[in-house]
$ cat start-v2.txt   # compact mmCIF, C-alpha atoms
# COMPACT_ATOMS: atom_id res chain seq x y z
CA MET A 871 224.36 70.22 16.86
CA VAL A 872 220.98 68.53 16.70
CA LYS A 873 220.75 65.14 15.05
CA ILE A 874 217.56 64.55 13.09
CA ILE A 875 216.40 61.00 12.44
CA ILE A 876 213.42 60.71 10.12
CA VAL A 877 211.73 57.31 10.28
CA THR A 878 208.69 56.56 8.15
CA HIS A 879 206.89 53.81 6.33
CA LYS A 880 208.52 53.17 2.95
CA THR A 881 210.48 56.00 1.27
CA LEU A 882 208.73 59.02 2.77
CA ALA A 883 211.70 59.49 5.12
CA GLN A 884 214.12 59.87 2.20
CA GLY A 885 211.81 62.42 0.56
CA PHE A 886 211.62 64.41 3.80
CA LYS A 887 215.39 64.27 4.18
CA ASP A 888 215.93 65.50 0.61
CA SER A 889 213.42 68.34 1.00
CA LEU A 890 214.66 69.28 4.46
CA ASN A 891 218.23 69.42 3.20
CA PHE A 892 217.11 71.55 0.24
CA PHE A 893 215.64 74.17 2.60
CA THR A 894 218.22 73.99 5.42
CA GLY A 895 221.49 72.62 4.04
CA LEU A 896 221.81 70.39 7.12
CA ASP A 897 222.47 67.15 5.25
CA LYS A 898 225.12 65.87 7.68
CA GLN A 899 222.71 66.14 10.61
CA ILE A 900 219.83 64.31 8.95
CA VAL A 901 219.36 60.55 8.71
CA ALA A 902 216.50 58.90 6.83
CA ILE A 903 215.34 55.43 7.79
CA CYS A 904 212.81 53.93 5.40
CA ALA A 905 210.96 51.29 7.37
CA TYR A 906 209.55 48.24 5.62
CA GLU A 907 211.21 49.20 2.33
CA ASN A 908 213.10 45.95 1.81
CA SER A 909 211.35 43.61 4.26
CA ASN A 910 208.44 43.23 6.62
CA GLN A 911 210.77 43.83 9.57
CA PHE A 912 211.18 47.19 11.29
CA PRO A 913 214.82 48.36 10.86
CA GLU A 914 215.48 48.17 14.60
CA LYS A 915 219.25 47.74 14.30
CA GLU A 916 219.55 50.76 12.01
CA LEU A 917 217.57 53.00 14.36
CA ALA A 918 219.42 51.69 17.43
CA ALA A 919 222.77 52.34 15.73
CA GLU A 920 221.81 55.94 14.95
CA ILE A 921 220.52 56.55 18.48
CA SER A 922 223.74 55.10 19.95
CA LYS A 923 225.69 57.86 18.17
CA VAL A 924 223.84 60.55 20.15
CA LYS A 925 225.95 61.67 23.10
CA SER A 926 224.28 62.56 26.39
CA ASN A 927 225.15 66.24 25.90
CA GLU A 928 223.63 66.31 22.38
CA LYS A 929 220.03 66.57 21.30
CA CYS A 930 218.21 64.39 18.82
CA LEU A 931 214.87 64.69 17.07
CA ILE A 932 213.13 61.58 15.83
CA LEU A 933 210.43 62.47 13.32
CA THR A 934 207.85 59.84 12.38
CA ASP A 935 204.81 59.74 10.14
CA LEU A 936 201.84 58.19 11.97
CA LEU A 937 200.76 58.41 15.59
CA GLY A 938 200.07 54.88 16.79
CA GLY A 939 201.78 53.31 13.79
CA SER A 940 204.45 50.67 14.20
CA VAL A 941 207.21 53.11 13.24
CA ASN A 942 206.20 55.53 15.98
CA GLN A 943 205.76 52.71 18.49
CA ASN A 944 209.26 51.42 17.79
CA ALA A 945 210.79 54.90 18.00
CA ALA A 946 209.01 55.75 21.26
CA LYS A 947 211.25 53.51 23.33
CA TYR A 948 214.19 55.83 22.59
CA ILE A 949 212.64 58.92 24.19
CA LYS A 950 214.97 60.42 26.79
CA GLU A 951 215.66 63.86 28.21
CA ASN A 952 217.77 64.72 25.14
CA ILE A 953 215.84 62.67 22.55
CA PHE A 954 212.51 64.01 21.37
CA LEU A 955 209.91 62.17 19.27
CA ILE A 956 207.49 64.09 17.07
CA THR A 957 204.95 62.27 14.93
CA GLY A 958 202.60 63.33 12.16
CA ILE A 959 205.36 65.44 10.72
CA ASN A 960 205.05 67.72 7.77
CA LEU A 961 207.69 69.77 6.01
CA ILE A 962 207.08 73.02 7.91
CA VAL A 963 207.46 71.21 11.26
CA ALA A 964 210.66 69.55 10.09
CA ILE A 965 212.13 72.84 8.83
CA GLN A 966 211.25 74.81 11.95
CA LEU A 967 212.62 72.14 14.27
CA ALA A 968 215.78 71.66 12.22
CA LEU A 969 216.54 75.37 12.35
CA LEU A 970 216.19 75.66 16.11
CA PRO A 971 219.60 75.99 17.78
CA ALA A 972 220.39 73.11 20.13
CA ASP A 973 220.21 75.33 23.21
CA LYS A 974 216.69 76.44 22.21
CA LEU A 975 215.42 72.91 21.56
CA THR A 976 213.23 72.18 24.56
CA SER A 977 209.89 70.51 25.16
CA ASP A 978 208.30 73.97 25.27
CA SER A 979 209.84 75.13 21.98
CA ILE A 980 208.84 71.88 20.28
CA MET A 981 205.27 72.28 21.53
CA GLN A 982 205.21 75.82 20.13
CA VAL A 983 206.40 74.63 16.71
CA VAL A 984 203.73 71.92 16.70
CA GLN A 985 201.02 74.43 17.66
CA ASP A 986 202.18 76.89 14.97
CA ALA A 987 202.27 74.13 12.35
CA LYS A 988 198.64 73.24 12.99
CA LYS A 989 197.77 76.66 11.54
CA GLN A 990 199.50 75.68 8.28
CA ILE A 991 197.06 72.86 7.55
CA VAL A 992 194.46 74.62 5.45
CA PHE A 993 191.65 73.55 3.13
CA VAL A 994 192.67 75.86 0.29
CA ASN A 995 189.33 75.71 -1.58
CA ASP A 996 187.62 77.27 1.42
CA TYR A 997 190.54 79.58 2.16
CA LEU A 998 190.49 81.03 -1.36
CA LYS A 999 186.69 81.40 -1.25
CA ASN A 1000 186.99 83.45 1.93
CA LYS A 1001 189.85 85.50 0.53
CA LYS A 1002 187.81 86.28 -2.60
CA SER A 1003 184.96 87.47 -0.38
CA ASP A 1004 187.36 89.70 1.52
CA PHE A 1005 188.48 91.35 -1.73
CA GLU A 1006 184.91 91.81 -2.97
CA ASP A 1007 183.95 93.66 0.22
CA GLU A 1008 186.60 96.31 -0.36
$ encode --input "start-v2.txt" --output "C-alpha cells"
Amino acid sequence: MVKIIIVTHKTLAQGFKDSLNFFTGLDKQIVAICAYENSNQFPEKELAAEISKVKSNEKCLILTDLLGGSVNQNAAKYIKENIFLITGINLIVAIQLALLPADKLTSDSIMQVVQDAKKQIVFVNDYLKNKKSDFEDE
C-alpha cells in the first residue's frame, strides 16, 4: 500500500483528496492536510504524525502545491528512501501516482509520470485552432 499525503495552502488539499478518491476509490490511503486554514502556523504536528505512521517497508507520496513555498519547504525534510515529495501537482499526476502499485513506485517511475504530465498542460485556445486547421486541410 502507498500512503498519499496531500499538503497545500488552504483547502486545495481537501479538494485534491476528494477528486482523487472519486477517480481511484483509494480514500483510506489518502490524507489531506490544509495548511494555514485555521492559523498562520504550518501544521507541523499533523504532518509529522502522518509521516510517523509510515513503516520503513511502506512507501509514501507527499504531494504539495508550490515549489519553493513554505508547504513544500516544510515537507521536504521528510524525504527518505521510501518517502517521495512531488510538488506542483495536478490531478493527472495525483491519479497516475496513486494508481502505481507500491512495487512499481520508484524515483524513475515518478519521473516518468511527471514528464508525461507536462504534456497534459495545454493552452486549449491554441490547441483547438491547430486542430481546426488540421481538419480543414483534409
$ residues_around --input "start-v2.txt" --residues "range 963-978 of chain A" --least-positions-apart "5" --cutoff "7 Å" --atoms "all atoms listed in the file" --output "PyMOL selection string"
chain A and resi 871-872+890+929+983-984+987
$ closest_residue --input "start-v2.txt" --among "A:Gln990, A:Val924, A:Leu961, A:Glu951" --to "Phe893 in chain A" --atoms "all atoms listed in the file"
A:Leu961
$ closest_residue --input "start-v2.txt" --among "A:Asn952, A:Asn1000, A:Met981, A:Ser940" --to "Pro913 in chain A" --atoms "only C-alpha atoms"
A:Ser940
$ residues_around --input "start-v2.txt" --residues "Ser922 in chain A" --least-positions-apart "6" --cutoff "12 Å" --atoms "only C-alpha atoms" --output "PyMOL selection string"
chain A and resi 873+915-916+928+930+948+953
$ residues_around --input "start-v2.txt" --residues "Tyr906 in chain A" --least-positions-apart "3" --cutoff "9 Å" --atoms "only C-alpha atoms" --output "PyMOL selection string"
chain A and resi 878-881+909-913
$ atom_distance --input "start-v2.txt" --atom1 "CA of Leu955 in chain A" --atom2 "CA of Thr934 in chain A"
7.6 Å
$ closest_residue --input "start-v2.txt" --among "A:Ile959, A:Ala902, A:Ser979, A:Asp897" --to "Ile991 in chain A" --atoms "all atoms listed in the file"
A:Ile959
$ closest_residue --input "start-v2.txt" --among "A:Val901, A:Gly895, A:Glu907, A:Val994" --to "Ala919 in chain A" --atoms "only C-alpha atoms"
A:Val901
$ atom_distance --input "start-v2.txt" --atom1 "CA of Ile949 in chain A" --atom2 "CA of Ser889 in chain A"
25.0 Å
$ residues_around --input "start-v2.txt" --residues "Thr957 in chain A" --least-positions-apart "3" --cutoff "7 Å" --atoms "all atoms listed in the file" --output "list of chain:residue names"
A:Leu933, A:Thr934, A:Asp935, A:Leu936, A:Leu937, A:Asn942
$ closest_residue --input "start-v2.txt" --among "A:Lys947, A:Lys999, A:Lys898, A:Lys988" --to "Ile932 in chain A" --atoms "all atoms listed in the file"
A:Lys947
$ atom_distance --input "start-v2.txt" --atom1 "CA of Ala945 in chain A" --atom2 "CA of Asp986 in chain A"
23.8 Å
$ axis_aligned_box --input "start-v2.txt" --around "range 959-975 of chain A" --padding-each-side "8 Å" --output "AutoDock Vina command-line options"
--center_x 212.7 --center_y 70.9 --center_z 14.6 --size_x 31.3 --size_y 27.0 --size_z 33.2
$ build_atoms --input "start-v2.txt" --residues "range 950-961 of chain A" --atoms "N, CA, C and O atoms" --output "PDB file, in the coordinates of the input"
ATOM      1  N   LYS A 950     214.199  60.105  25.583  1.00  0.00           N
ATOM      2  CA  LYS A 950     214.970  60.420  26.790  1.00  0.00           C
ATOM      3  C   LYS A 950     214.926  61.927  26.970  1.00  0.00           C
ATOM      4  O   LYS A 950     214.313  62.634  26.172  1.00  0.00           O
ATOM      5  N   GLU A 951     215.617  62.414  27.958  1.00  0.00           N
ATOM      6  CA  GLU A 951     215.660  63.860  28.210  1.00  0.00           C
ATOM      7  C   GLU A 951     216.220  64.628  27.016  1.00  0.00           C
ATOM      8  O   GLU A 951     215.783  65.737  26.731  1.00  0.00           O
ATOM      9  N   ASN A 952     217.135  64.026  26.277  1.00  0.00           N
ATOM     10  CA  ASN A 952     217.770  64.720  25.140  1.00  0.00           C
ATOM     11  C   ASN A 952     217.299  64.174  23.789  1.00  0.00           C
ATOM     12  O   ASN A 952     217.792  64.605  22.749  1.00  0.00           O
ATOM     13  N   ILE A 953     216.351  63.252  23.800  1.00  0.00           N
ATOM     14  CA  ILE A 953     215.840  62.670  22.550  1.00  0.00           C
ATOM     15  C   ILE A 953     214.329  62.883  22.518  1.00  0.00           C
ATOM     16  O   ILE A 953     213.601  62.412  23.390  1.00  0.00           O
ATOM     17  N   PHE A 954     213.906  63.617  21.506  1.00  0.00           N
ATOM     18  CA  PHE A 954     212.510  64.010  21.370  1.00  0.00           C
ATOM     19  C   PHE A 954     211.886  63.290  20.176  1.00  0.00           C
ATOM     20  O   PHE A 954     212.501  63.173  19.128  1.00  0.00           O
ATOM     21  N   LEU A 955     210.636  62.856  20.340  1.00  0.00           N
ATOM     22  CA  LEU A 955     209.910  62.170  19.270  1.00  0.00           C
ATOM     23  C   LEU A 955     208.698  63.011  18.881  1.00  0.00           C
ATOM     24  O   LEU A 955     207.869  63.345  19.728  1.00  0.00           O
ATOM     25  N   ILE A 956     208.620  63.342  17.614  1.00  0.00           N
ATOM     26  CA  ILE A 956     207.490  64.090  17.070  1.00  0.00           C
ATOM     27  C   ILE A 956     206.907  63.259  15.941  1.00  0.00           C
ATOM     28  O   ILE A 956     207.631  62.797  15.057  1.00  0.00           O
ATOM     29  N   THR A 957     205.596  63.072  15.959  1.00  0.00           N
ATOM     30  CA  THR A 957     204.950  62.270  14.930  1.00  0.00           C
ATOM     31  C   THR A 957     203.937  63.108  14.162  1.00  0.00           C
ATOM     32  O   THR A 957     203.548  64.188  14.602  1.00  0.00           O
ATOM     33  N   GLY A 958     203.520  62.598  13.016  1.00  0.00           N
ATOM     34  CA  GLY A 958     202.600  63.330  12.160  1.00  0.00           C
ATOM     35  C   GLY A 958     203.293  64.492  11.475  1.00  0.00           C
ATOM     36  O   GLY A 958     202.688  65.508  11.185  1.00  0.00           O
ATOM     37  N   ILE A 959     204.570  64.317  11.218  1.00  0.00           N
ATOM     38  CA  ILE A 959     205.360  65.440  10.720  1.00  0.00           C
ATOM     39  C   ILE A 959     204.910  65.902   9.335  1.00  0.00           C
ATOM     40  O   ILE A 959     204.334  65.153   8.571  1.00  0.00           O
ATOM     41  N   ASN A 960     205.180  67.155   9.098  1.00  0.00           N
ATOM     42  CA  ASN A 960     205.050  67.720   7.770  1.00  0.00           C
ATOM     43  C   ASN A 960     206.302  68.568   7.538  1.00  0.00           C
ATOM     44  O   ASN A 960     207.132  68.722   8.440  1.00  0.00           O
ATOM     45  N   LEU A 961     206.440  69.094   6.359  1.00  0.00           N
ATOM     46  CA  LEU A 961     207.690  69.770   6.010  1.00  0.00           C
ATOM     47  C   LEU A 961     207.924  71.022   6.850  1.00  0.00           C
ATOM     48  O   LEU A 961     209.047  71.278   7.275  1.00  0.00           O
TER      49      LEU A 961
END
